[in-house]
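Okay, coords06.txt now, which holds compact mmCIF, C-alpha atoms and all ligand atoms:
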```txt
# COMPACT_ATOMS: atom_id res chain seq x y z
CA MET A 1 -17.71 9.97 -4.63
CA ASN A 2 -18.99 6.49 -4.30
CA LYS A 3 -17.23 3.54 -2.70
CA ALA A 4 -19.42 1.15 -4.67
CA LEU A 5 -17.32 2.14 -7.68
CA ARG A 6 -14.09 0.73 -6.27
CA LYS A 7 -12.66 -2.06 -4.18
CA VAL A 8 -12.03 -1.67 -0.48
CA VAL A 9 -8.64 -3.17 0.32
CA ILE A 10 -6.93 -3.85 3.64
CA ALA A 11 -3.24 -4.65 3.24
CA GLY A 12 -0.77 -5.57 5.95
CA ASN A 13 2.80 -4.33 5.62
CA TRP A 14 4.87 -6.55 7.85
CA LYS A 15 8.08 -4.54 7.18
CA MET A 16 11.24 -6.29 8.49
CA ASN A 17 9.40 -8.59 10.88
CA LYS A 18 8.85 -12.37 11.14
CA ASN A 19 11.11 -15.19 10.05
CA PRO A 20 9.65 -17.81 7.69
CA ASP A 21 8.28 -20.05 10.47
CA GLU A 22 6.74 -17.12 12.32
CA ALA A 23 5.30 -15.84 9.05
CA LYS A 24 3.58 -19.18 8.36
CA LYS A 25 2.04 -19.11 11.83
CA LEU A 26 0.89 -15.51 11.48
CA VAL A 27 -0.91 -16.23 8.21
CA GLU A 28 -2.48 -19.35 9.69
CA ASP A 29 -3.71 -17.26 12.62
CA ILE A 30 -5.04 -14.49 10.36
CA LYS A 31 -6.79 -16.73 7.80
CA PRO A 32 -9.81 -17.92 9.81
CA LEU A 33 -10.34 -14.47 11.32
CA VAL A 34 -10.72 -12.80 7.91
CA ALA A 35 -12.36 -15.66 6.00
CA ASN A 36 -15.69 -13.83 5.77
CA ALA A 37 -14.25 -10.45 4.80
CA ASN A 38 -16.27 -8.32 2.44
CA CYS A 39 -13.14 -6.54 1.22
CA ASP A 40 -9.82 -7.59 -0.29
CA VAL A 41 -7.22 -8.73 2.23
CA ILE A 42 -3.50 -8.69 1.40
CA VAL A 43 -0.39 -9.40 3.43
CA CYS A 44 2.87 -7.87 2.17
CA VAL A 45 5.79 -9.72 3.69
CA PRO A 46 9.59 -9.93 3.62
CA TYR A 47 11.05 -11.73 0.58
CA VAL A 48 12.31 -14.68 2.63
CA ASP A 49 8.79 -15.30 3.99
CA LEU A 50 7.08 -15.42 0.60
CA THR A 51 7.34 -19.17 0.01
CA ASN A 52 5.80 -20.04 3.37
CA VAL A 53 3.20 -17.29 3.24
CA LEU A 54 2.08 -18.24 -0.29
CA ALA A 55 1.71 -21.86 0.81
CA ALA A 56 -0.14 -20.91 4.00
CA ALA A 57 -2.48 -18.52 2.16
CA ALA A 58 -3.23 -20.89 -0.75
CA GLY A 59 -6.94 -21.55 -1.16
CA SER A 60 -7.90 -18.71 1.22
CA ASN A 61 -9.02 -15.15 0.55
CA VAL A 62 -5.66 -13.79 1.79
CA LYS A 63 -3.62 -12.41 -1.10
CA VAL A 64 0.13 -12.06 -0.93
CA GLY A 65 2.48 -9.21 -1.75
CA ALA A 66 6.12 -8.22 -1.45
CA GLU A 67 7.40 -4.95 0.01
CA ASN A 68 9.49 -3.71 -2.91
CA CYS A 69 11.02 -4.77 -6.23
CA HIS A 70 13.80 -3.59 -8.52
CA TRP A 71 13.07 -2.13 -11.96
CA GLU A 72 15.48 -4.27 -13.97
CA VAL A 73 14.55 -7.81 -14.99
CA SER A 74 17.92 -9.27 -13.93
CA GLY A 75 21.57 -8.34 -13.77
CA ALA A 76 24.34 -7.03 -11.55
CA TYR A 77 22.22 -5.55 -8.75
CA THR A 78 23.49 -7.29 -5.65
CA GLY A 79 20.83 -7.72 -3.02
CA GLU A 80 17.91 -6.74 -5.22
CA ILE A 81 14.83 -8.75 -6.30
CA SER A 82 13.09 -8.19 -9.64
CA ALA A 83 9.37 -7.96 -10.31
CA GLN A 84 9.68 -11.00 -12.60
CA MET A 85 11.19 -13.03 -9.77
CA LEU A 86 8.20 -12.18 -7.60
CA LYS A 87 5.77 -12.99 -10.40
CA SER A 88 7.45 -16.34 -10.98
CA MET A 89 6.61 -17.26 -7.36
CA ASN A 90 2.95 -16.28 -7.91
CA VAL A 91 3.21 -13.18 -5.78
CA GLU A 92 0.28 -10.93 -6.72
CA TYR A 93 1.06 -7.51 -5.19
CA VAL A 94 4.05 -5.33 -4.43
CA ILE A 95 4.34 -2.19 -2.31
CA ILE A 96 6.30 0.55 -4.07
CA GLY A 97 7.53 3.88 -2.80
CA HIS A 98 6.97 3.30 0.90
CA SER A 99 8.27 6.28 2.87
CA GLU A 100 10.79 4.07 4.66
CA ARG A 101 12.27 3.17 1.27
CA ARG A 102 12.34 6.85 0.35
CA GLN A 103 13.78 7.92 3.70
CA TYR A 104 16.38 5.21 4.38
CA PHE A 105 17.20 3.78 0.95
CA GLY A 106 17.38 6.81 -1.29
CA GLU A 107 14.28 6.15 -3.35
CA THR A 108 13.04 9.10 -5.35
CA ASP A 109 9.86 9.78 -7.27
CA VAL A 110 11.77 8.82 -10.42
CA THR A 111 12.92 5.41 -9.13
CA VAL A 112 9.44 4.84 -7.74
CA ASN A 113 8.09 5.39 -11.27
CA LEU A 114 10.65 2.91 -12.70
CA ARG A 115 9.62 0.30 -10.14
CA VAL A 116 5.90 0.85 -10.77
CA LYS A 117 6.41 0.37 -14.52
CA ALA A 118 8.54 -2.75 -13.99
CA ALA A 119 6.01 -4.27 -11.58
CA LEU A 120 3.12 -3.71 -13.98
CA ALA A 121 5.13 -5.05 -16.92
CA ALA A 122 5.76 -8.22 -14.91
CA GLY A 123 2.04 -8.59 -14.22
CA LEU A 124 2.09 -7.56 -10.57
CA LYS A 125 -0.45 -5.29 -8.90
CA VAL A 126 1.02 -2.26 -7.19
CA ILE A 127 0.35 -0.55 -3.88
CA LEU A 128 1.92 2.85 -4.54
CA CYS A 129 2.69 4.90 -1.41
CA VAL A 130 2.73 8.67 -1.25
CA GLY A 131 2.71 11.07 1.68
CA GLU A 132 4.14 14.21 3.20
CA ARG A 133 6.63 14.72 6.01
CA LEU A 134 5.65 16.76 9.05
CA GLU A 135 7.42 19.94 7.92
CA GLN A 136 5.69 19.74 4.56
CA ARG A 137 2.30 19.51 6.27
CA GLU A 138 3.28 22.50 8.41
CA GLN A 139 4.31 24.39 5.27
CA GLY A 140 0.82 23.81 3.89
CA VAL A 141 1.97 21.93 0.78
CA THR A 142 0.53 18.49 1.54
CA CYS A 143 -1.98 18.24 -1.30
CA GLU A 144 0.38 19.69 -3.93
CA LEU A 145 3.21 17.46 -2.78
CA VAL A 146 1.14 14.30 -2.78
CA ALA A 147 -0.29 15.24 -6.20
CA MET A 148 3.25 15.68 -7.51
CA GLN A 149 4.41 12.33 -6.08
CA THR A 150 1.37 10.67 -7.64
CA LYS A 151 1.91 12.28 -11.06
CA ILE A 152 5.60 11.37 -11.24
CA ALA A 153 4.99 7.81 -10.00
CA LEU A 154 2.30 7.30 -12.65
CA GLY A 155 4.31 8.76 -15.56
CA GLY A 156 3.93 6.49 -18.62
CA ILE A 157 1.24 4.33 -16.96
CA SER A 158 -1.78 3.62 -19.20
CA ASP A 159 -5.48 3.86 -18.28
CA GLU A 160 -5.64 0.09 -18.54
CA ASP A 161 -2.76 -0.31 -16.08
CA MET A 162 -4.56 1.87 -13.53
CA LYS A 163 -6.80 -1.14 -12.84
CA ASN A 164 -3.76 -2.74 -11.24
CA ILE A 165 -2.77 0.19 -9.05
CA ILE A 166 -3.86 0.95 -5.51
CA ILE A 167 -2.60 4.22 -4.04
CA ALA A 168 -1.87 4.45 -0.32
CA TYR A 169 -1.78 7.88 1.30
CA GLU A 170 0.65 7.58 4.18
CA PRO A 171 1.59 10.78 6.02
CA VAL A 172 5.18 10.11 7.11
CA TRP A 173 4.58 11.70 10.53
CA ALA A 174 1.84 9.15 11.21
CA ILE A 175 3.78 5.99 10.34
CA GLY A 176 4.74 3.91 13.34
CA THR A 177 4.34 6.93 15.61
CA GLY A 178 0.90 6.30 17.05
CA LYS A 179 -0.13 9.69 15.60
CA THR A 180 -2.95 9.09 13.18
CA ALA A 181 -4.24 11.64 10.71
CA THR A 182 -7.73 12.72 11.66
CA SER A 183 -10.37 11.17 9.47
CA GLU A 184 -10.93 14.62 7.89
CA GLN A 185 -7.21 15.01 7.12
CA ALA A 186 -7.07 11.52 5.63
CA ASN A 187 -10.16 12.10 3.53
CA GLU A 188 -8.96 15.49 2.28
CA VAL A 189 -5.68 14.10 0.97
CA ASN A 190 -7.23 10.90 -0.36
CA LEU A 191 -9.66 13.06 -2.32
CA ALA A 192 -6.77 15.18 -3.64
CA ILE A 193 -5.09 11.97 -4.85
CA ARG A 194 -8.31 10.82 -6.53
CA GLU A 195 -8.66 14.21 -8.21
CA THR A 196 -5.07 13.94 -9.44
CA VAL A 197 -5.81 10.52 -10.94
CA ALA A 198 -8.98 11.98 -12.48
CA GLN A 199 -6.97 14.84 -14.01
CA LEU A 200 -4.59 12.34 -15.58
CA TYR A 201 -7.02 9.62 -16.63
CA GLY A 202 -10.55 11.02 -16.38
CA LYS A 203 -13.21 10.91 -13.69
CA ALA A 204 -14.19 7.27 -14.23
CA VAL A 205 -10.65 6.08 -13.53
CA GLY A 206 -10.39 8.42 -10.52
CA ASP A 207 -13.61 7.04 -9.12
CA ALA A 208 -12.52 3.45 -9.74
CA THR A 209 -9.08 3.77 -8.10
CA THR A 210 -8.72 2.43 -4.57
CA VAL A 211 -7.03 5.02 -2.34
CA GLN A 212 -6.03 3.66 1.06
CA TYR A 213 -4.95 5.47 4.19
CA GLY A 214 -1.94 4.26 6.18
CA GLY A 215 -0.18 5.52 9.29
CA SER A 216 -1.01 4.13 12.73
CA MET A 217 -4.34 2.76 11.56
CA ASN A 218 -5.38 0.33 14.27
CA ALA A 219 -8.28 -1.64 15.69
CA ALA A 220 -9.53 1.40 17.62
CA ASN A 221 -9.45 4.07 14.91
CA ALA A 222 -10.05 2.06 11.72
CA ALA A 223 -13.83 2.29 11.66
CA GLU A 224 -13.82 6.09 11.77
CA LEU A 225 -11.15 6.43 9.09
CA LEU A 226 -12.80 3.84 6.85
CA ALA A 227 -16.17 5.55 7.15
CA GLN A 228 -14.80 8.47 5.16
CA PRO A 229 -16.06 8.54 1.57
CA ASP A 230 -12.59 8.63 -0.01
CA VAL A 231 -10.80 6.22 2.33
CA ASP A 232 -11.06 2.91 0.49
CA GLY A 233 -9.08 0.76 2.86
CA GLY A 234 -5.84 0.80 4.77
CA LEU A 235 -2.17 -0.09 4.60
CA ILE A 236 -1.45 -1.38 8.06
CA GLY A 237 2.00 -1.75 9.64
CA GLY A 238 2.18 -2.50 13.36
CA ALA A 239 -1.41 -3.68 13.75
CA SER A 240 -1.03 -6.14 10.85
CA LEU A 241 1.28 -8.25 13.04
CA LYS A 242 -1.54 -8.80 15.57
CA PRO A 243 -4.13 -11.17 14.11
CA ALA A 244 -7.06 -9.99 16.23
CA ASP A 245 -6.33 -6.31 15.55
CA PHE A 246 -5.84 -6.92 11.83
CA ALA A 247 -9.13 -8.85 11.75
CA THR A 248 -10.93 -6.00 13.52
CA ILE A 249 -9.69 -3.60 10.84
CA VAL A 250 -10.78 -6.02 8.10
CA SER A 251 -14.23 -6.27 9.61
CA ALA A 252 -14.48 -2.47 9.91
CA ALA A 253 -13.67 -2.31 6.18
CA SER A 254 -16.24 -4.99 5.40
CA LYS A 255 -19.18 -2.81 6.49
P1 LIG A 301 2.00 1.75 10.84
O1 LIG A 301 2.71 1.60 9.41
O2 LIG A 301 0.60 1.20 10.68
O3 LIG A 301 2.85 0.93 11.77
O4 LIG A 301 2.01 3.20 11.17
C1 LIG A 301 1.99 1.84 8.23
C2 LIG A 301 2.90 1.65 7.05
O5 LIG A 301 4.08 1.99 7.14
O6 LIG A 301 2.47 1.16 5.99
```

Produce structure tokens that represent the structure in this file.
Ligand code: PGA
Amino acid sequence: MNKALRKVVIAGNWKMNKNPDEAKKLVEDIKPLVANANCDVIVCVPYVDLTNVLAAAAGSNVKVGAENCHWEVSGAYTGEISAQMLKSMNVEYVIIGHSERRQYFGETDVTVNLRVKAALAAGLKVILCVGERLEQREQGVTCELVAMQTKIALGGISDEDMKNIIIAYEPVWAIGTGKTATSEQANEVNLAIRETVAQLYGKAVGDATTVQYGGSMNAANAAELLAQPDVDGGLIGGASLKPADFATIVSAASK
């Protein structure tokens, strides 16, 4: 496998952190530190922060994403935000299928697929999250499970649309826990995801798809994880809220 075939992407996932003023400041702090990045840099932020973050990021190399979207265009879905609404604000990316959405908000592989299709139809780029829980790793089903999540999430998605999909492998036991997958574990599952994409769309699409690792990636461990041949970037939670740490990860990915 060859990283020259695909983009390296570092994306922050701010989760439910930062009010609009704090968000503006955080982007302003991050911008100069990542200005010379030799990889794509994205911040995915709460809906209410999008206006300020888009304004603060304008003209820089920092791209902006949301953390979820609904699959319908509009209608009686109290509390939800559609992909079209995000697109109308000039949001470029959206995270879909994060394990916290699956765990706390009842998302399933099927609703993840609906959201992926809606996001692509609206012209958004997708960061699709997959990953196993601890008991599933212990049961030895990680690669099959992640392959299944990937296949269901990509149901009905064309080859052409795959250009607008990044997949993030995020072992649930590693998210926010300080327990990181070893670089070998991360690479093994990232490769299994790439092989699944290759099965569905052919080797060229598999090779061209960015597969990130996420789960306690931080300034100290990023370089080792990102040195793996199939780890094409990271989806960063906690460390994305600390400008210097986020910048260290971006510079590790820029090598
Ligand atoms: P973490 O979160 O880096 O805080 O573990 C990663 C994520 O949930 O995307």

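In this comparison, which uses all atoms listed in the file, the residue of A:Ala83, A:Ala239, A:Ile10, A:Ala23 approaching A:Ala56 most closely is A:Ala23.
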
**OP:** Could the residues that lie within 8 Å of ligand LIG 301 (chain A), counting only C-alpha atoms and all ligand atoms, be listed as a PyMOL selection string?
**Re:** chain A and resi 12-13+15+98-100+170+174-178+180+214-218+235-240

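Separating atom CA of A:Ile193 from atom CA of A:Ala4 is a distance of 18.0 Å.
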
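Atom CA of A:Ala181 sits 24.6 Å away from atom CA of A:Leu154.
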
Original post:
Between A:Ala58, A:Leu86, A:Val73, A:Leu33, which is the closest to A:Pro46 once you count only C-alpha atoms?
Top reply: A:Leu86

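Each of A:Ile81, A:Ala227, A:Val91, A:Val64 was compared to A:Thr182 using all atoms listed in the file, and A:Ala227 turns out to be the nearest.
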
Give me, as a compact mmCIF listing (two decimals) with C-alpha atoms, in the coordinates of the input, all polymer residues having an atom no more than 12 Å from A:Glu195, counting all atoms listed in the file and skipping those fewer than 2 positions away in the same chain.
```txt
# COMPACT_ATOMS: atom_id res chain seq x y z
CA MET A 1 -17.71 9.97 -4.63
CA CYS A 143 -1.98 18.24 -1.30
CA GLU A 144 0.38 19.69 -3.93
CA VAL A 146 1.14 14.30 -2.78
CA ALA A 147 -0.29 15.24 -6.20
CA THR A 150 1.37 10.67 -7.64
CA LYS A 151 1.91 12.28 -11.06
CA GLU A 188 -8.96 15.49 2.28
CA VAL A 189 -5.68 14.10 0.97
CA ASN A 190 -7.23 10.90 -0.36
CA LEU A 191 -9.66 13.06 -2.32
CA ALA A 192 -6.77 15.18 -3.64
CA ILE A 193 -5.09 11.97 -4.85
CA VAL A 197 -5.81 10.52 -10.94
CA ALA A 198 -8.98 11.98 -12.48
CA GLN A 199 -6.97 14.84 -14.01
CA LEU A 200 -4.59 12.34 -15.58
CA TYR A 201 -7.02 9.62 -16.63
CA GLY A 202 -10.55 11.02 -16.38
CA LYS A 203 -13.21 10.91 -13.69
CA ALA A 204 -14.19 7.27 -14.23
CA VAL A 205 -10.65 6.08 -13.53
CA GLY A 206 -10.39 8.42 -10.52
CA ASP A 207 -13.61 7.04 -9.12
CA ALA A 208 -12.52 3.45 -9.74
CA THR A 209 -9.08 3.77 -8.10
CA VAL A 211 -7.03 5.02 -2.34
CA ASP A 230 -12.59 8.63 -0.01
```

Can you list, as a PDB file with C-alpha atoms, keeping the file's coordinate frame, every protein, DNA or RNA residue that comes within 12 Å of A:Arg137 when you count all atoms listed in the file, leaving out same-chain residues fewer than 2 positions away?
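Written output follows (result-v7.pdb):
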```
ATOM      1  CA  GLY A 131       2.710  11.070   1.680  1.00  0.00           C
ATOM      2  CA  GLU A 132       4.140  14.210   3.200  1.00  0.00           C
ATOM      3  CA  ARG A 133       6.630  14.720   6.010  1.00  0.00           C
ATOM      4  CA  LEU A 134       5.650  16.760   9.050  1.00  0.00           C
ATOM      5  CA  GLU A 135       7.420  19.940   7.920  1.00  0.00           C
ATOM      6  CA  GLN A 139       4.310  24.390   5.270  1.00  0.00           C
ATOM      7  CA  GLY A 140       0.820  23.810   3.890  1.00  0.00           C
ATOM      8  CA  VAL A 141       1.970  21.930   0.780  1.00  0.00           C
ATOM      9  CA  THR A 142       0.530  18.490   1.540  1.00  0.00           C
ATOM     10  CA  CYS A 143      -1.980  18.240  -1.300  1.00  0.00           C
ATOM     11  CA  GLU A 144       0.380  19.690  -3.930  1.00  0.00           C
ATOM     12  CA  LEU A 145       3.210  17.460  -2.780  1.00  0.00           C
ATOM     13  CA  VAL A 146       1.140  14.300  -2.780  1.00  0.00           C
ATOM     14  CA  PRO A 171       1.590  10.780   6.020  1.00  0.00           C
ATOM     15  CA  VAL A 172       5.180  10.110   7.110  1.00  0.00           C
ATOM     16  CA  TRP A 173       4.580  11.700  10.530  1.00  0.00           C
ATOM     17  CA  ALA A 174       1.840   9.150  11.210  1.00  0.00           C
ATOM     18  CA  ALA A 181      -4.240  11.640  10.710  1.00  0.00           C
ATOM     19  CA  GLN A 185      -7.210  15.010   7.120  1.00  0.00           C
ATOM     20  CA  VAL A 189      -5.680  14.100   0.970  1.00  0.00           C
TER      21      VAL A 189
END
```

Original post:
If we count all atoms listed in the file, what is near A:Gln212 at a cut-off of 10 Å, once residues fewer than 4 positions away on the same chain are taken out, given as a ChimeraX atom specification?
Top reply: /A:8-11,127-129,166-170,186-187,190,225-226,230-236

Could you write out as AutoDock Vina command-line options the box around stretch 44-52 of chain A (axis-aligned, all atoms listed in the file, 5 Å on each side), with centre and edge lengths in Å to one decimal?
```
--center_x 7.6 --center_y -14.0 --center_z 2.0 --size_x 19.4 --size_y 22.2 --size_z 14.0
```

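Each of A:Ala66, A:Ala35, A:Val45, A:Ala223 was checked against A:Ile96 using only C-alpha atoms; the smallest atom-to-atom distance is that of A:Ala66.
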
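The two atoms in question, atom CA of A:Thr196 and atom CA of A:Tyr213, are spaced 16.0 Å apart.
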
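Here the question is which of A:Ala222, A:Val130, A:Leu241, A:Ala253 gets nearest to A:Asp40 using only C-alpha atoms, and that residue is A:Ala253.
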
Env of A:Pro32: 10 Å cut, atoms = only C-alpha atoms, seq-sep filter 6 positions within chain, self excluded. Answer as a compact mmCIF listing (two decimals) with C-alpha atoms, in the frame of the given file.
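Final output, saved to selection-v1.txt:
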```
# COMPACT_ATOMS: atom_id res chain seq x y z
CA SER A 60 -7.90 -18.71 1.22
CA ASN A 61 -9.02 -15.15 0.55
CA VAL A 62 -5.66 -13.79 1.79
CA PRO A 243 -4.13 -11.17 14.11
CA ALA A 247 -9.13 -8.85 11.75
```

**OP:** Counting only C-alpha atoms, write as a ChimeraX atom specification all protein and nucleic acid residues lying at most 10 Å from (4.8, 8.3, -16.4) in the file's frame.
**Re:** /A:110,113-114,116-117,150-158

As a CSV table (one decimal), in the frame of the given file, could you write out stretch 194-219 of chain A once it has been completed with N, CA, C and O atoms?
```csv
chain,number,residue,atom,x,y,z
A,194,ARG,N,-7.3,11.3,-5.5
A,194,ARG,CA,-8.3,10.8,-6.5
A,194,ARG,C,-8.5,11.9,-7.6
A,194,ARG,O,-8.6,11.6,-8.8
A,195,GLU,N,-8.5,13.1,-7.2
A,195,GLU,CA,-8.7,14.2,-8.2
A,195,GLU,C,-7.4,14.3,-9.1
A,195,GLU,O,-7.6,14.6,-10.3
A,196,THR,N,-6.3,14.0,-8.6
A,196,THR,CA,-5.1,13.9,-9.4
A,196,THR,C,-5.2,12.8,-10.5
A,196,THR,O,-4.9,13.0,-11.7
A,197,VAL,N,-5.6,11.7,-10.0
A,197,VAL,CA,-5.8,10.5,-10.9
A,197,VAL,C,-6.9,10.9,-12.0
A,197,VAL,O,-6.7,10.6,-13.2
A,198,ALA,N,-7.9,11.6,-11.5
A,198,ALA,CA,-9.0,12.0,-12.5
A,198,ALA,C,-8.5,13.0,-13.5
A,198,ALA,O,-8.8,12.9,-14.7
A,199,GLN,N,-7.6,13.9,-13.1
A,199,GLN,CA,-7.0,14.8,-14.0
A,199,GLN,C,-6.2,14.1,-15.1
A,199,GLN,O,-6.2,14.5,-16.2
A,200,LEU,N,-5.5,13.1,-14.7
A,200,LEU,CA,-4.6,12.3,-15.6
A,200,LEU,C,-5.4,11.4,-16.5
A,200,LEU,O,-5.0,11.2,-17.6
A,201,TYR,N,-6.4,10.8,-15.9
A,201,TYR,CA,-7.0,9.6,-16.6
A,201,TYR,C,-8.5,9.8,-16.8
A,201,TYR,O,-9.2,8.9,-17.4
A,202,GLY,N,-9.1,10.8,-16.3
A,202,GLY,CA,-10.6,11.0,-16.4
A,202,GLY,C,-11.2,10.6,-15.1
A,202,GLY,O,-10.7,9.8,-14.3
A,203,LYS,N,-12.5,11.1,-14.9
A,203,LYS,CA,-13.2,10.9,-13.7
A,203,LYS,C,-13.5,9.4,-13.4
A,203,LYS,O,-13.4,9.0,-12.3
A,204,ALA,N,-13.8,8.7,-14.5
A,204,ALA,CA,-14.2,7.3,-14.2
A,204,ALA,C,-13.0,6.5,-13.6
A,204,ALA,O,-13.2,5.7,-12.7
A,205,VAL,N,-11.8,6.8,-14.1
A,205,VAL,CA,-10.6,6.1,-13.5
A,205,VAL,C,-10.4,6.6,-12.1
A,205,VAL,O,-10.1,5.8,-11.2
A,206,GLY,N,-10.5,7.9,-11.9
A,206,GLY,CA,-10.4,8.4,-10.5
A,206,GLY,C,-11.4,7.8,-9.6
A,206,GLY,O,-11.0,7.3,-8.5
A,207,ASP,N,-12.6,7.6,-10.0
A,207,ASP,CA,-13.6,7.0,-9.1
A,207,ASP,C,-13.4,5.5,-8.9
A,207,ASP,O,-13.8,5.0,-7.9
A,208,ALA,N,-12.7,4.9,-9.8
A,208,ALA,CA,-12.5,3.4,-9.7
A,208,ALA,C,-11.2,3.1,-9.0
A,208,ALA,O,-11.0,1.9,-8.7
A,209,THR,N,-10.4,4.1,-8.7
A,209,THR,CA,-9.1,3.8,-8.1
A,209,THR,C,-9.2,3.7,-6.6
A,209,THR,O,-9.7,4.6,-5.9
A,210,THR,N,-8.7,2.6,-6.0
A,210,THR,CA,-8.7,2.4,-4.6
A,210,THR,C,-7.6,3.3,-4.0
A,210,THR,O,-6.5,3.2,-4.4
A,211,VAL,N,-8.0,4.2,-3.0
A,211,VAL,CA,-7.0,5.0,-2.3
A,211,VAL,C,-7.1,4.7,-0.8
A,211,VAL,O,-8.1,5.0,-0.2
A,212,GLN,N,-6.1,4.1,-0.4
A,212,GLN,CA,-6.0,3.7,1.1
A,212,GLN,C,-5.4,4.8,1.9
A,212,GLN,O,-4.8,5.7,1.4
A,213,TYR,N,-5.7,4.6,3.2
A,213,TYR,CA,-5.0,5.5,4.2
A,213,TYR,C,-4.0,4.5,5.0
A,213,TYR,O,-4.4,3.4,5.3
A,214,GLY,N,-2.8,5.0,5.3
A,214,GLY,CA,-1.9,4.3,6.2
A,214,GLY,C,-1.2,5.2,7.1
A,214,GLY,O,-0.9,6.3,6.7
A,215,GLY,N,-0.9,4.7,8.3
A,215,GLY,CA,-0.2,5.5,9.3
A,215,GLY,C,-0.9,5.4,10.6
A,215,GLY,O,-1.9,6.1,10.9
A,216,SER,N,-0.4,4.4,11.4
A,216,SER,CA,-1.0,4.1,12.7
A,216,SER,C,-2.5,3.8,12.7
A,216,SER,O,-3.2,4.2,13.6
A,217,MET,N,-3.0,3.3,11.6
A,217,MET,CA,-4.3,2.8,11.6
A,217,MET,C,-4.4,1.5,12.5
A,217,MET,O,-3.5,0.7,12.4
A,218,ASN,N,-5.4,1.5,13.3
A,218,ASN,CA,-5.4,0.3,14.3
A,218,ASN,C,-6.8,-0.1,14.5
A,218,ASN,O,-7.8,0.5,14.0
A,219,ALA,N,-6.9,-1.1,15.4
A,219,ALA,CA,-8.3,-1.6,15.7
A,219,ALA,C,-9.2,-0.6,16.3
A,219,ALA,O,-10.4,-0.6,16.0
```
